[in-house]
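Text of the file model.cif, holding mmCIF, C-alpha atoms and all ligand atoms:
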data_target
#
loop_
_atom_site.label_atom_id
_atom_site.label_comp_id
_atom_site.auth_asym_id
_atom_site.auth_seq_id
_atom_site.Cartn_x
_atom_site.Cartn_y
_atom_site.Cartn_z
CA MET Q 471 -26.19 -28.00 -23.79
CA SER Q 472 -26.17 -26.41 -20.36
CA SER Q 473 -23.15 -25.16 -18.42
CA THR Q 474 -22.61 -24.79 -14.73
CA ILE Q 475 -22.16 -21.28 -13.38
CA GLN Q 476 -18.51 -22.22 -12.78
CA ASP Q 477 -18.09 -23.09 -16.48
CA LEU Q 478 -19.57 -19.77 -17.50
CA ALA Q 479 -17.02 -17.77 -15.49
CA ARG Q 480 -13.76 -16.59 -17.05
CA ALA Q 481 -11.02 -19.19 -16.63
CA ASN Q 482 -8.68 -16.76 -14.87
CA VAL Q 483 -11.42 -15.84 -12.40
CA ARG Q 484 -12.10 -19.52 -11.68
CA ALA Q 485 -8.40 -19.95 -10.93
CA LEU Q 486 -8.10 -16.74 -8.90
CA THR Q 487 -7.24 -16.68 -5.21
CA PRO Q 488 -8.75 -13.42 -3.94
CA TYR Q 489 -6.63 -11.01 -1.94
CA GLN Q 490 -6.37 -12.32 1.62
CA SER Q 491 -7.14 -9.04 3.31
CA ALA Q 492 -6.79 -8.79 7.06
CA ARG Q 493 -10.56 -8.27 7.20
CA ARG Q 494 -11.27 -11.43 5.21
CA LEU Q 495 -8.96 -13.51 7.38
CA GLY Q 496 -11.10 -12.50 10.35
CA GLY Q 497 -10.21 -13.34 13.93
CA LYS Q 498 -11.94 -12.40 17.17
CA GLY Q 499 -9.45 -9.90 18.42
CA ASP Q 500 -9.46 -6.77 20.47
CA VAL Q 501 -5.92 -5.76 19.54
CA TRP Q 502 -5.78 -5.39 15.77
CA LEU Q 503 -2.18 -5.14 14.59
CA ASN Q 504 -2.62 -6.80 11.20
CA ALA Q 505 -3.75 -4.22 8.63
CA ASN Q 506 -1.43 -1.24 9.16
CA GLU Q 507 -4.41 0.88 10.13
CA TYR Q 508 -4.19 3.86 12.46
CA PRO Q 509 -5.32 2.47 15.84
CA LEU Q 510 -7.88 5.15 16.74
CA ALA Q 511 -10.81 6.68 14.87
CA VAL Q 512 -10.56 10.37 13.99
CA PRO Q 513 -14.00 12.05 14.19
CA PHE Q 514 -15.56 13.84 11.20
CA GLU Q 515 -18.88 15.50 10.47
CA LEU Q 516 -20.55 15.55 7.10
CA SER Q 517 -21.15 19.03 5.71
CA GLN Q 518 -22.65 18.15 2.31
CA GLN Q 519 -26.41 17.50 2.18
CA THR Q 520 -26.72 17.02 -1.58
CA LEU Q 521 -27.00 13.25 -1.89
CA ASN Q 522 -29.77 13.58 -4.50
CA ARG Q 523 -27.06 14.73 -6.95
CA TYR Q 524 -24.26 12.70 -8.51
CA PRO Q 525 -20.85 13.65 -7.15
CA GLU Q 526 -18.07 15.24 -9.20
CA CYS Q 527 -15.83 12.64 -10.84
CA GLN Q 528 -12.73 14.44 -9.53
CA PRO Q 529 -13.94 16.60 -6.63
CA LYS Q 530 -12.29 19.95 -7.13
CA LEU Q 531 -11.45 20.80 -3.53
CA VAL Q 532 -9.99 17.33 -2.85
CA ILE Q 533 -7.75 17.64 -5.91
CA GLU Q 534 -6.76 21.20 -4.97
CA ARG Q 535 -5.84 20.26 -1.44
CA TYR Q 536 -3.94 17.13 -2.38
CA THR Q 537 -2.13 19.05 -5.11
CA ALA Q 538 -0.99 21.63 -2.56
CA TYR Q 539 0.01 18.89 -0.09
CA ALA Q 540 2.04 17.02 -2.74
CA GLY Q 541 3.55 20.14 -4.35
CA LEU Q 542 2.19 19.42 -7.85
CA THR Q 543 -0.36 20.83 -10.31
CA PRO Q 544 -4.02 19.62 -10.47
CA GLU Q 545 -3.46 17.96 -13.88
CA GLN Q 546 -0.87 15.67 -12.22
CA VAL Q 547 -3.31 14.28 -9.61
CA LEU Q 548 -6.08 11.70 -9.84
CA VAL Q 549 -8.27 10.71 -6.88
CA SER Q 550 -9.74 7.21 -6.71
CA ARG Q 551 -11.37 4.59 -4.48
CA GLY Q 552 -8.20 3.89 -2.56
CA ALA Q 553 -4.71 3.34 -3.95
CA ASP Q 554 -5.93 -0.15 -4.87
CA GLU Q 555 -8.12 1.34 -7.58
CA GLY Q 556 -5.06 3.23 -8.88
CA ILE Q 557 -3.13 -0.06 -9.16
CA GLU Q 558 -5.92 -1.49 -11.32
CA LEU Q 559 -6.64 1.63 -13.42
CA LEU Q 560 -3.01 1.62 -14.56
CA MET Q 561 -3.30 -1.97 -15.76
CA ARG Q 562 -6.58 -1.26 -17.52
CA ALA Q 563 -5.15 1.80 -19.28
CA PHE Q 564 -1.71 0.43 -20.20
CA CYS Q 565 -1.84 -3.37 -20.49
CA GLU Q 566 -3.39 -5.39 -23.28
CA PRO Q 567 -4.74 -8.58 -21.64
CA SER Q 568 -2.90 -11.76 -22.71
CA ARG Q 569 -0.19 -9.68 -24.41
CA ASP Q 570 1.45 -7.18 -22.07
CA ALA Q 571 2.92 -7.92 -18.67
CA VAL Q 572 3.50 -6.20 -15.34
CA LEU Q 573 6.50 -6.79 -13.09
CA PHE Q 574 7.05 -6.47 -9.34
CA CYS Q 575 9.54 -7.60 -6.73
CA PRO Q 576 8.43 -9.96 -3.94
CA PRO Q 577 8.13 -10.02 -1.03
CA THR Q 578 5.74 -7.12 -1.55
CA TYR Q 579 2.14 -5.94 -1.51
CA GLY Q 580 -0.37 -8.58 -2.65
CA MET Q 581 -2.70 -6.54 -4.82
CA TYR Q 582 -0.36 -6.22 -7.82
CA SER Q 583 -0.75 -9.92 -8.62
CA VAL Q 584 -4.46 -10.07 -7.71
CA SER Q 585 -5.34 -7.16 -10.02
CA ALA Q 586 -3.24 -8.60 -12.85
CA GLU Q 587 -4.84 -12.03 -12.48
CA THR Q 588 -8.34 -10.57 -12.35
CA ILE Q 589 -7.85 -8.60 -15.55
CA GLY Q 590 -5.94 -11.39 -17.28
CA ILE Q 591 -2.52 -9.77 -17.50
CA GLU Q 592 0.68 -11.75 -17.15
CA TYR Q 593 2.78 -10.83 -14.14
CA ARG Q 594 6.49 -11.42 -13.71
CA THR Q 595 8.29 -11.39 -10.43
CA VAL Q 596 11.91 -10.62 -9.70
CA GLU Q 597 12.64 -11.28 -6.05
CA VAL Q 598 14.51 -8.58 -4.18
CA ARG Q 599 18.09 -9.28 -3.12
CA GLU Q 600 18.95 -10.46 0.36
CA ASP Q 601 19.23 -6.83 1.50
CA TRP Q 602 15.67 -6.25 0.20
CA GLN Q 603 16.88 -3.96 -2.58
CA LEU Q 604 16.05 -4.27 -6.28
CA ASN Q 605 17.84 -6.86 -8.38
CA LEU Q 606 18.36 -4.48 -11.31
CA PRO Q 607 20.22 -6.84 -13.71
CA ALA Q 608 17.47 -9.47 -13.26
CA ILE Q 609 14.77 -6.83 -13.81
CA ALA Q 610 16.54 -5.66 -16.99
CA GLU Q 611 16.44 -9.22 -18.33
CA GLN Q 612 12.71 -9.53 -17.69
CA LEU Q 613 11.51 -6.23 -19.17
CA ASP Q 614 10.48 -7.49 -22.61
CA GLY Q 615 6.74 -6.86 -23.03
CA VAL Q 616 6.45 -5.28 -19.58
CA LYS Q 617 4.35 -2.10 -19.45
CA LEU Q 618 4.25 -1.47 -15.70
CA VAL Q 619 6.88 -2.02 -13.00
CA TYR Q 620 5.41 -1.72 -9.49
CA VAL Q 621 7.91 -0.77 -6.78
CA CYS Q 622 6.63 -0.38 -3.24
CA SER Q 623 8.78 2.09 -1.24
CA PRO Q 624 8.80 1.89 1.67
CA ASN Q 625 7.99 -1.73 0.96
CA ASN Q 626 5.13 -3.64 2.53
CA PRO Q 627 5.80 -5.94 4.43
CA THR Q 628 9.55 -5.45 4.88
CA GLY Q 629 9.35 -1.76 5.92
CA ASN Q 630 12.48 -0.60 4.04
CA LEU Q 631 12.94 2.14 1.47
CA ILE Q 632 14.26 1.30 -1.99
CA ASN Q 633 17.62 3.01 -2.76
CA PRO Q 634 17.00 6.20 -4.76
CA ASP Q 635 20.01 5.47 -7.00
CA ASP Q 636 18.47 2.13 -7.95
CA LEU Q 637 15.13 3.81 -8.66
CA ARG Q 638 16.92 6.23 -10.99
CA GLN Q 639 18.56 3.33 -12.80
CA LEU Q 640 15.19 1.62 -13.08
CA LEU Q 641 13.68 4.80 -14.52
CA GLU Q 642 16.53 5.03 -17.05
CA MET Q 643 16.22 1.41 -18.20
CA THR Q 644 12.42 1.69 -18.61
CA ARG Q 645 12.37 5.05 -20.43
CA GLY Q 646 10.19 4.78 -23.55
CA LYS Q 647 9.25 1.17 -22.69
CA ALA Q 648 7.31 0.97 -19.45
CA LEU Q 649 5.93 3.02 -16.57
CA VAL Q 650 7.49 2.77 -13.12
CA VAL Q 651 4.81 2.85 -10.43
CA ALA Q 652 6.16 3.84 -7.03
CA ASP Q 653 3.68 2.77 -4.34
CA GLU Q 654 4.11 5.38 -1.58
CA ALA Q 655 1.26 4.19 0.66
CA TYR Q 656 3.49 4.78 3.74
CA ILE Q 657 5.44 7.82 2.58
CA GLU Q 658 4.09 10.06 5.38
CA PHE Q 659 6.33 8.07 7.75
CA CYS Q 660 9.41 9.10 5.71
CA PRO Q 661 8.28 12.12 3.63
CA GLN Q 662 11.82 13.10 2.63
CA ALA Q 663 11.98 9.92 0.52
CA SER Q 664 9.07 10.75 -1.77
CA LEU Q 665 9.71 10.67 -5.51
CA ALA Q 666 7.10 13.40 -6.15
CA GLY Q 667 9.90 15.84 -6.99
CA TRP Q 668 11.09 13.50 -9.77
CA LEU Q 669 7.87 13.67 -11.79
CA LYS Q 670 9.16 16.65 -13.77
CA ASP Q 671 12.17 14.61 -14.98
CA TYR Q 672 10.40 11.32 -15.70
CA PRO Q 673 7.11 11.37 -17.66
CA HIS Q 674 6.89 7.59 -17.13
CA LEU Q 675 7.00 7.79 -13.32
CA VAL Q 676 3.72 7.22 -11.46
CA ILE Q 677 3.24 7.55 -7.68
CA LEU Q 678 0.45 5.97 -5.64
CA ARG Q 679 -0.71 7.51 -2.36
CA THR Q 680 -3.52 6.85 0.09
CA LEU Q 681 -5.45 8.31 3.02
CA SER Q 682 -5.72 4.79 4.51
CA LYS Q 683 -2.53 4.68 6.56
CA ALA Q 684 -1.02 7.84 8.11
CA PHE Q 685 -4.24 9.81 7.55
CA ALA Q 686 -6.17 7.21 9.63
CA LEU Q 687 -8.90 6.76 6.99
CA ALA Q 688 -8.73 3.16 5.79
CA GLY Q 689 -12.52 2.96 5.95
CA LEU Q 690 -12.95 6.00 3.72
CA ARG Q 691 -11.45 4.34 0.60
CA CYS Q 692 -9.62 7.30 -0.88
CA GLY Q 693 -6.29 7.25 -2.72
CA PHE Q 694 -4.32 9.28 -5.23
CA THR Q 695 -2.27 8.73 -8.36
CA LEU Q 696 0.42 11.32 -9.12
CA ALA Q 697 1.89 11.36 -12.61
CA SER Q 698 2.53 13.37 -15.76
CA THR Q 699 -0.53 15.06 -17.28
CA GLU Q 700 -0.46 12.51 -20.16
CA VAL Q 701 -0.71 9.55 -17.80
CA ILE Q 702 -3.46 11.19 -15.73
CA ALA Q 703 -5.45 12.00 -18.90
CA LEU Q 704 -5.33 8.33 -19.94
CA LEU Q 705 -6.44 7.14 -16.50
CA MET Q 706 -9.33 9.62 -16.66
CA LYS Q 707 -10.60 7.70 -19.69
CA VAL Q 708 -10.95 4.40 -17.82
CA ILE Q 709 -11.99 5.53 -14.33
CA ALA Q 710 -15.63 5.08 -13.30
CA PRO Q 711 -17.80 8.19 -13.78
CA TYR Q 712 -18.37 8.60 -10.02
CA PRO Q 713 -15.52 6.85 -8.20
CA LEU Q 714 -15.96 8.79 -4.93
CA SER Q 715 -19.24 9.27 -3.12
CA THR Q 716 -20.12 12.76 -1.87
CA PRO Q 717 -19.46 11.87 1.82
CA VAL Q 718 -16.03 10.49 0.90
CA ALA Q 719 -15.04 13.72 -0.86
CA ASP Q 720 -16.44 15.72 2.05
CA ILE Q 721 -14.31 13.88 4.62
CA ALA Q 722 -11.23 13.85 2.35
CA ASP Q 723 -11.53 17.68 2.13
CA GLN Q 724 -11.37 17.91 5.90
CA ALA Q 725 -8.51 15.42 6.23
CA LEU Q 726 -6.50 17.48 3.73
CA SER Q 727 -7.15 20.84 5.38
CA GLU Q 728 -4.25 22.51 7.20
CA GLN Q 729 -5.51 21.19 10.54
CA GLY Q 730 -6.09 17.74 9.06
CA ILE Q 731 -2.52 17.55 7.80
CA ALA Q 732 -1.14 18.90 11.09
CA LEU Q 733 -3.08 16.21 12.99
CA MET Q 734 -1.76 13.52 10.64
CA ARG Q 735 1.83 14.71 11.27
CA GLN Q 736 1.26 14.60 15.02
CA HIS Q 737 -0.08 11.03 14.72
CA VAL Q 738 2.94 10.04 12.62
CA ALA Q 739 5.35 11.41 15.26
CA GLU Q 740 3.54 9.46 18.00
CA LEU Q 741 3.52 6.23 15.97
CA VAL Q 742 7.22 6.58 15.16
CA ALA Q 743 8.03 6.92 18.89
CA THR Q 744 5.85 3.90 19.69
CA ARG Q 745 7.52 1.95 16.87
CA GLU Q 746 11.02 2.56 18.21
CA GLN Q 747 9.91 1.46 21.68
CA LEU Q 748 8.32 -1.69 20.24
CA ILE Q 749 11.49 -2.51 18.29
CA ALA Q 750 13.57 -2.17 21.48
CA ASP Q 751 11.09 -4.28 23.50
CA LEU Q 752 10.96 -7.05 20.89
CA ARG Q 753 14.75 -7.19 20.66
CA SER Q 754 14.89 -8.14 24.35
CA LEU Q 755 12.66 -11.22 23.89
CA ASN Q 756 13.90 -14.80 23.56
CA CYS Q 757 11.27 -15.87 21.03
CA VAL Q 758 12.40 -13.14 18.61
CA GLU Q 759 15.33 -13.85 16.30
CA GLN Q 760 15.48 -10.54 14.49
CA VAL Q 761 13.59 -7.25 14.37
CA TYR Q 762 14.04 -5.19 11.23
CA GLU Q 763 14.25 -1.41 11.06
CA SER Q 764 11.21 0.24 9.53
CA ASP Q 765 10.30 3.52 7.82
CA THR Q 766 6.58 2.79 8.21
CA ASN Q 767 3.80 2.17 10.76
CA TYR Q 768 4.59 -1.55 11.01
CA ILE Q 769 7.57 -3.72 11.73
CA LEU Q 770 8.62 -7.11 10.52
CA ALA Q 771 10.16 -9.55 12.97
CA ARG Q 772 11.54 -13.06 12.62
CA PHE Q 773 10.51 -15.53 15.32
CA THR Q 774 11.97 -18.88 16.31
CA ALA Q 775 8.49 -20.49 16.11
CA SER Q 776 6.34 -18.00 14.22
CA SER Q 777 3.30 -20.21 13.60
CA GLN Q 778 2.91 -21.00 17.28
CA VAL Q 779 3.52 -17.38 18.24
CA PHE Q 780 0.94 -16.20 15.72
CA LYS Q 781 -1.65 -18.67 16.99
CA MET Q 782 -1.05 -18.06 20.70
CA LEU Q 783 -1.44 -14.32 20.24
CA TRP Q 784 -4.48 -14.86 18.00
CA ASP Q 785 -6.09 -16.95 20.76
CA GLN Q 786 -5.51 -14.04 23.16
CA GLY Q 787 -7.22 -11.61 20.79
CA ILE Q 788 -3.98 -10.04 19.53
CA ILE Q 789 -4.06 -10.29 15.74
CA LEU Q 790 -0.81 -10.01 13.75
CA ARG Q 791 -0.16 -10.61 10.04
CA ASP Q 792 1.63 -13.82 9.07
CA GLN Q 793 4.26 -13.23 6.36
CA ASN Q 794 5.87 -16.65 6.71
CA LYS Q 795 4.78 -17.78 3.20
CA GLN Q 796 6.35 -14.84 1.36
CA PRO Q 797 9.66 -15.49 -0.40
CA GLY Q 798 12.57 -14.98 1.97
CA LEU Q 799 10.34 -14.30 4.97
CA ALA Q 800 10.16 -17.72 6.65
CA GLY Q 801 9.35 -17.21 10.33
CA CYS Q 802 8.33 -13.57 9.86
CA LEU Q 803 5.31 -11.82 11.33
CA ARG Q 804 4.29 -8.26 10.59
CA ILE Q 805 3.11 -6.12 13.48
CA SER Q 806 1.26 -2.85 12.85
CA ILE Q 807 2.02 -0.06 15.30
CA GLY Q 808 -1.03 0.33 17.51
CA THR Q 809 -1.46 2.49 20.57
CA ARG Q 810 1.26 2.26 23.23
CA GLU Q 811 -1.06 0.10 25.32
CA GLU Q 812 -1.75 -2.28 22.45
CA CYS Q 813 1.95 -2.69 21.72
CA GLN Q 814 2.64 -3.27 25.42
CA ARG Q 815 -0.05 -5.96 25.48
CA ALA Q 816 1.56 -7.69 22.51
CA VAL Q 817 5.00 -7.55 24.17
CA ALA Q 818 3.58 -8.86 27.47
CA ALA Q 819 1.90 -11.75 25.66
CA LEU Q 820 5.14 -12.58 23.85
CA LYS Q 821 7.11 -12.42 27.11
CA SER Q 822 4.86 -15.04 28.69
CA LEU Q 823 5.30 -17.52 25.84
CA PRO Q 824 7.04 -20.79 26.65
CA GLY Q 825 10.59 -21.04 25.22
C1 LIG Q 901 -2.59 -0.37 2.17
C2 LIG Q 901 -1.84 -0.36 0.89
C3 LIG Q 901 -2.43 0.03 -0.30
C4 LIG Q 901 -3.91 0.24 -0.43
O1 LIG Q 901 -4.34 1.45 -0.09
P1 LIG Q 901 -5.88 1.80 -0.17
O2 LIG Q 901 -5.87 3.24 -0.44
O3 LIG Q 901 -6.46 1.44 1.16
O4 LIG Q 901 -6.50 1.00 -1.30
C5 LIG Q 901 -1.65 0.11 -1.44
N1 LIG Q 901 -0.35 -0.21 -1.40
C6 LIG Q 901 0.24 -0.63 -0.28
C7 LIG Q 901 1.68 -0.97 -0.30
C8 LIG Q 901 -0.48 -0.73 0.89
O5 LIG Q 901 0.11 -1.20 2.00
#
Encoding of this model in C-alpha cells:
Amino acid sequence: MSSTIQDLARANVRALTPYQSARRLGGKGDVWLNANEYPLAVPFELSQQTLNRYPECQPKLVIERYTAYAGLTPEQVLVSRGADEGIELLMRAFCEPSRDAVLFCPPTYGMYSVSAETIGIEYRTVEVREDWQLNLPAIAEQLDGVKLVYVCSPNNPTGNLINPDDLRQLLEMTRGKALVVADEAYIEFCPQASLAGWLKDYPHLVILRTLSKAFALAGLRCGFTLASTEVIALLMKVIAPYPLSTPVADIADQALSEQGIALMRQHVAELVATREQLIADLRSLNCVEQVYESDTNYILARFTASSQVFKMLWDQGIILRDQNKQPGLAGCLRISIGTREECQRAVAALKSLPG
C-alpha cells in the first residue's frame, strides 16, 4: 500500500499554520513598519577567518559580554539562534509531547503556539484582562499539567509592561510546578523593568532576550536565555551542537562591546523620541480611534476602518502589521517605529485618507 507524502507527515504538522512572519506576508513596500526591526543597517566587519573550523557551541566572548551586560554569571546565560530558538528549546527540554502543556496570554507573540504545535505540545490560552494585564485567577485554574508559562513583557503587540506585582504572584503560584518564561525581546526600551534581578530569588524564572530589536540585528539571528544554572544546563543538553555560525558570534561580539551597547542606547533614545512624536501625530487624525502608550519600538492603534487603512497604505508601499484578528484587538494595526521620515510618510498618507 502506498501513501501520499501528505499522509506520511505527522498529523500535527499537516494541520499546522506556519508563523505568518512579516517577511512571509511580503508586500512591495519601501517603508517597512511591520516587523519591529531597527530601520537602518548598522555596519560590521568580519574579523574571524577560520570558517574551516566548527564554531564554539557557546562562544565564550559572546557569553562573557552578554553576562556583563545583563549583570549575571556565565552559567546563567545561553546564546541561541534568536530568542525564537529559546522558546522552542524550553519546550523540548521541559514538555513531554501529548502530556504536558504550555500556557500564554493572548493577544501576544505568535511563536509560542507555533512552536508548541510543531512539537506536539498542548497549549492553553488565558486572555489578558481588558487592561491588558494578567488574569491571575483564570491562570491559576488552568495550571494543571502546565510546565511553561510564557509572559511577554513588554507585550507584543500591545506594547505594555506586565505589572511586577502580578508577575511575583505568578511566580509564587507556579513554584515547584512550572517555569515562568518572561519574554523581554523589547526590554532595552524600558530597561528598568527587567526581571533579571529576580533570577536569584526564583530558580523557575527564565528570561528571553534578543539582538533583533534594539540592537538592530534581526538578520543576525542571535538571542539569549537567562535562567538559573540548572535550567541552562538542561537547555545545553538539547541545543544543536553549533547553533551560531562563526560570523554570527563575531558580529555579536562587536554589538555587545562597550561602543556597541552605547550605540544601541543612542538608537533607543532616538526611537523613543520618534515614537512619542508619532503617538501625538496619530492622535490628531480622524481615522484613528485610539493610540495606546508603548514601552517598545512599536505602537498599537485602533482605526475606524482598519482593513481599508491597512490596504491603502500597503498600496502606497507603507507596510504595517494587521492585528485585527487577535482577541480584543478588532480594528488594531501595529506600527513599528521607523526613521522620522518614514513615520512622517505614514502620517501624511493617513492624513490624506478619505473619512
Ligand atoms: C521579535 C520577537 C522575538 C524573536 O526574536 P528573535 O531573536 O528574532 O528570534 C521573540 N519574542 C518577541 C515578543 C518578539 O517580538
**Prompt:** What does the distance between atom CA of Q:Arg810 and atom CA of Q:Leu687 come to in Å, to one decimal place?
**Reply:**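 Distance between the two atoms: 19.7 Å.
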8 Å from ligand LIG 901 (chain Q) is the threshold here; counting only C-alpha atoms and all ligand atoms, which polymer residues fall inside it? Answer as an mmCIF file with C-alpha atoms, in the frame of the given file.
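Below you can see part-v8.cif, which holds the result:
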data_model
loop_
_atom_site.group_PDB
_atom_site.id
_atom_site.type_symbol
_atom_site.label_atom_id
_atom_site.label_comp_id
_atom_site.auth_asym_id
_atom_site.auth_seq_id
_atom_site.Cartn_x
_atom_site.Cartn_y
_atom_site.Cartn_z
ATOM 1 C CA ALA Q 505 -3.750 -4.220 8.630
ATOM 2 C CA ASN Q 506 -1.430 -1.240 9.160
ATOM 3 C CA ARG Q 551 -11.370 4.590 -4.480
ATOM 4 C CA GLY Q 552 -8.200 3.890 -2.560
ATOM 5 C CA ALA Q 553 -4.710 3.340 -3.950
ATOM 6 C CA ASP Q 554 -5.930 -0.150 -4.870
ATOM 7 C CA GLU Q 555 -8.120 1.340 -7.580
ATOM 8 C CA ILE Q 557 -3.130 -0.060 -9.160
ATOM 9 C CA THR Q 578 5.740 -7.120 -1.550
ATOM 10 C CA TYR Q 579 2.140 -5.940 -1.510
ATOM 11 C CA MET Q 581 -2.700 -6.540 -4.820
ATOM 12 C CA CYS Q 622 6.630 -0.380 -3.240
ATOM 13 C CA SER Q 623 8.780 2.090 -1.240
ATOM 14 C CA PRO Q 624 8.800 1.890 1.670
ATOM 15 C CA ASN Q 625 7.990 -1.730 0.960
ATOM 16 C CA ASN Q 626 5.130 -3.640 2.530
ATOM 17 C CA PRO Q 627 5.800 -5.940 4.430
ATOM 18 C CA ASP Q 653 3.680 2.770 -4.340
ATOM 19 C CA GLU Q 654 4.110 5.380 -1.580
ATOM 20 C CA ALA Q 655 1.260 4.190 0.660
ATOM 21 C CA TYR Q 656 3.490 4.780 3.740
ATOM 22 C CA LEU Q 678 0.450 5.970 -5.640
ATOM 23 C CA ARG Q 679 -0.710 7.510 -2.360
ATOM 24 C CA THR Q 680 -3.520 6.850 0.090
ATOM 25 C CA LEU Q 681 -5.450 8.310 3.020
ATOM 26 C CA SER Q 682 -5.720 4.790 4.510
ATOM 27 C CA LYS Q 683 -2.530 4.680 6.560
ATOM 28 C CA ALA Q 688 -8.730 3.160 5.790
ATOM 29 C CA GLY Q 689 -12.520 2.960 5.950
ATOM 30 C CA ARG Q 691 -11.450 4.340 0.600
ATOM 31 C CA CYS Q 692 -9.620 7.300 -0.880
ATOM 32 C CA GLY Q 693 -6.290 7.250 -2.720
ATOM 33 C CA PHE Q 694 -4.320 9.280 -5.230
#
Q) Between atom CA of Q:Ser764 and atom CA of Q:Glu746, what is the distance, to one decimal in Å? A)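 Distance reported for this atom pair: 9.0 Å.
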* Q:Ile749: which residues within 8 Å, counting all atoms listed in the file, same-chain residues fewer than 4 positions away excluded, as a list in words? -> Arg745, Arg753, Val761, Tyr762, Glu763 and Ile769 of chain Q
Save out the residues we just selected, C-alpha atoms, as an mmCIF file, in the coordinates of the input.
data_model
loop_
_atom_site.group_PDB
_atom_site.id
_atom_site.type_symbol
_atom_site.label_atom_id
_atom_site.label_comp_id
_atom_site.auth_asym_id
_atom_site.auth_seq_id
_atom_site.Cartn_x
_atom_site.Cartn_y
_atom_site.Cartn_z
ATOM 1 C CA ARG Q 745 7.520 1.950 16.870
ATOM 2 C CA ARG Q 753 14.750 -7.190 20.660
ATOM 3 C CA VAL Q 761 13.590 -7.250 14.370
ATOM 4 C CA TYR Q 762 14.040 -5.190 11.230
ATOM 5 C CA GLU Q 763 14.250 -1.410 11.060
ATOM 6 C CA ILE Q 769 7.570 -3.720 11.730
#
Just the residues within 8 Å of Q:Ala722, please, counting all atoms listed in the file, with nothing from its chain fewer than 4 positions along; format it as a PDB file with C-alpha atoms, keeping the file's coordinate frame.
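Now in selection.pdb:
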ATOM      1  CA  VAL Q 532      -9.990  17.330  -2.850  1.00  0.00           C
ATOM      2  CA  CYS Q 692      -9.620   7.300  -0.880  1.00  0.00           C
ATOM      3  CA  VAL Q 718     -16.030  10.490   0.900  1.00  0.00           C
ATOM      4  CA  LEU Q 726      -6.500  17.480   3.730  1.00  0.00           C
TER       5      LEU Q 726
END
Out of Q:Gly787, Q:Leu752, Q:Ala697, Q:Lys781, which residue has the shortest atom-to-atom distance to Q:Lys821 when counting all atoms listed in the file?
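That would be Q:Leu752, the residue with the smallest distance to Q:Lys821.
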Among Q:Asp614, Q:Asp601, Q:Glu526, Q:Glu700, Q:Ala563 is approached most closely, using all atoms listed in the file, by Q:Glu700
Residue contacts of Q:Ala684 (10 Å, only C-alpha atoms) excluding same-chain residues fewer than 5 positions away, as an mmCIF file with C-alpha atoms, keeping the file's coordinate frame:
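Saved as result-v2.cif:
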data_model
loop_
_atom_site.group_PDB
_atom_site.id
_atom_site.type_symbol
_atom_site.label_atom_id
_atom_site.label_comp_id
_atom_site.auth_asym_id
_atom_site.auth_seq_id
_atom_site.Cartn_x
_atom_site.Cartn_y
_atom_site.Cartn_z
ATOM 1 C CA ASN Q 506 -1.430 -1.240 9.160
ATOM 2 C CA GLU Q 507 -4.410 0.880 10.130
ATOM 3 C CA TYR Q 508 -4.190 3.860 12.460
ATOM 4 C CA ALA Q 655 1.260 4.190 0.660
ATOM 5 C CA TYR Q 656 3.490 4.780 3.740
ATOM 6 C CA ILE Q 657 5.440 7.820 2.580
ATOM 7 C CA GLU Q 658 4.090 10.060 5.380
ATOM 8 C CA PHE Q 659 6.330 8.070 7.750
ATOM 9 C CA ILE Q 731 -2.520 17.550 7.800
ATOM 10 C CA LEU Q 733 -3.080 16.210 12.990
ATOM 11 C CA MET Q 734 -1.760 13.520 10.640
ATOM 12 C CA ARG Q 735 1.830 14.710 11.270
ATOM 13 C CA GLN Q 736 1.260 14.600 15.020
ATOM 14 C CA HIS Q 737 -0.080 11.030 14.720
ATOM 15 C CA VAL Q 738 2.940 10.040 12.620
ATOM 16 C CA LEU Q 741 3.520 6.230 15.970
ATOM 17 C CA THR Q 766 6.580 2.790 8.210
ATOM 18 C CA ASN Q 767 3.800 2.170 10.760
#
What separates atom CA of Q:Gln778 and atom CA of Q:Glu597 is a distance of 27.1 Å
Cut-off 10 Å around (8.0, 3.9, -24.0) with all atoms listed in the file: residues as an mmCIF file with C-alpha atoms, in the coordinates of the input:
data_model
loop_
_atom_site.group_PDB
_atom_site.id
_atom_site.type_symbol
_atom_site.label_atom_id
_atom_site.label_comp_id
_atom_site.auth_asym_id
_atom_site.auth_seq_id
_atom_site.Cartn_x
_atom_site.Cartn_y
_atom_site.Cartn_z
ATOM 1 C CA LYS Q 617 4.350 -2.100 -19.450
ATOM 2 C CA THR Q 644 12.420 1.690 -18.610
ATOM 3 C CA ARG Q 645 12.370 5.050 -20.430
ATOM 4 C CA GLY Q 646 10.190 4.780 -23.550
ATOM 5 C CA LYS Q 647 9.250 1.170 -22.690
ATOM 6 C CA ALA Q 648 7.310 0.970 -19.450
ATOM 7 C CA LEU Q 649 5.930 3.020 -16.570
ATOM 8 C CA PRO Q 673 7.110 11.370 -17.660
ATOM 9 C CA HIS Q 674 6.890 7.590 -17.130
#
Min atom-atom distance to Q:Leu531 from the set Q:Ala739, Q:Ile721, Q:Val676, Q:Leu631, counting only C-alpha atoms, belongs to Q:Ile721
If you count all atoms listed in the file, the residue of Q:Ala732, Q:Leu823, Q:Phe564, Q:Tyr712 closest to Q:Ser776 turns out to be Q:Leu823
Min atom-atom distance to Q:Gly801 from the set Q:Ala819, Q:Leu521, Q:Leu640, Q:Ala775, counting all atoms listed in the file, belongs to Q:Ala775
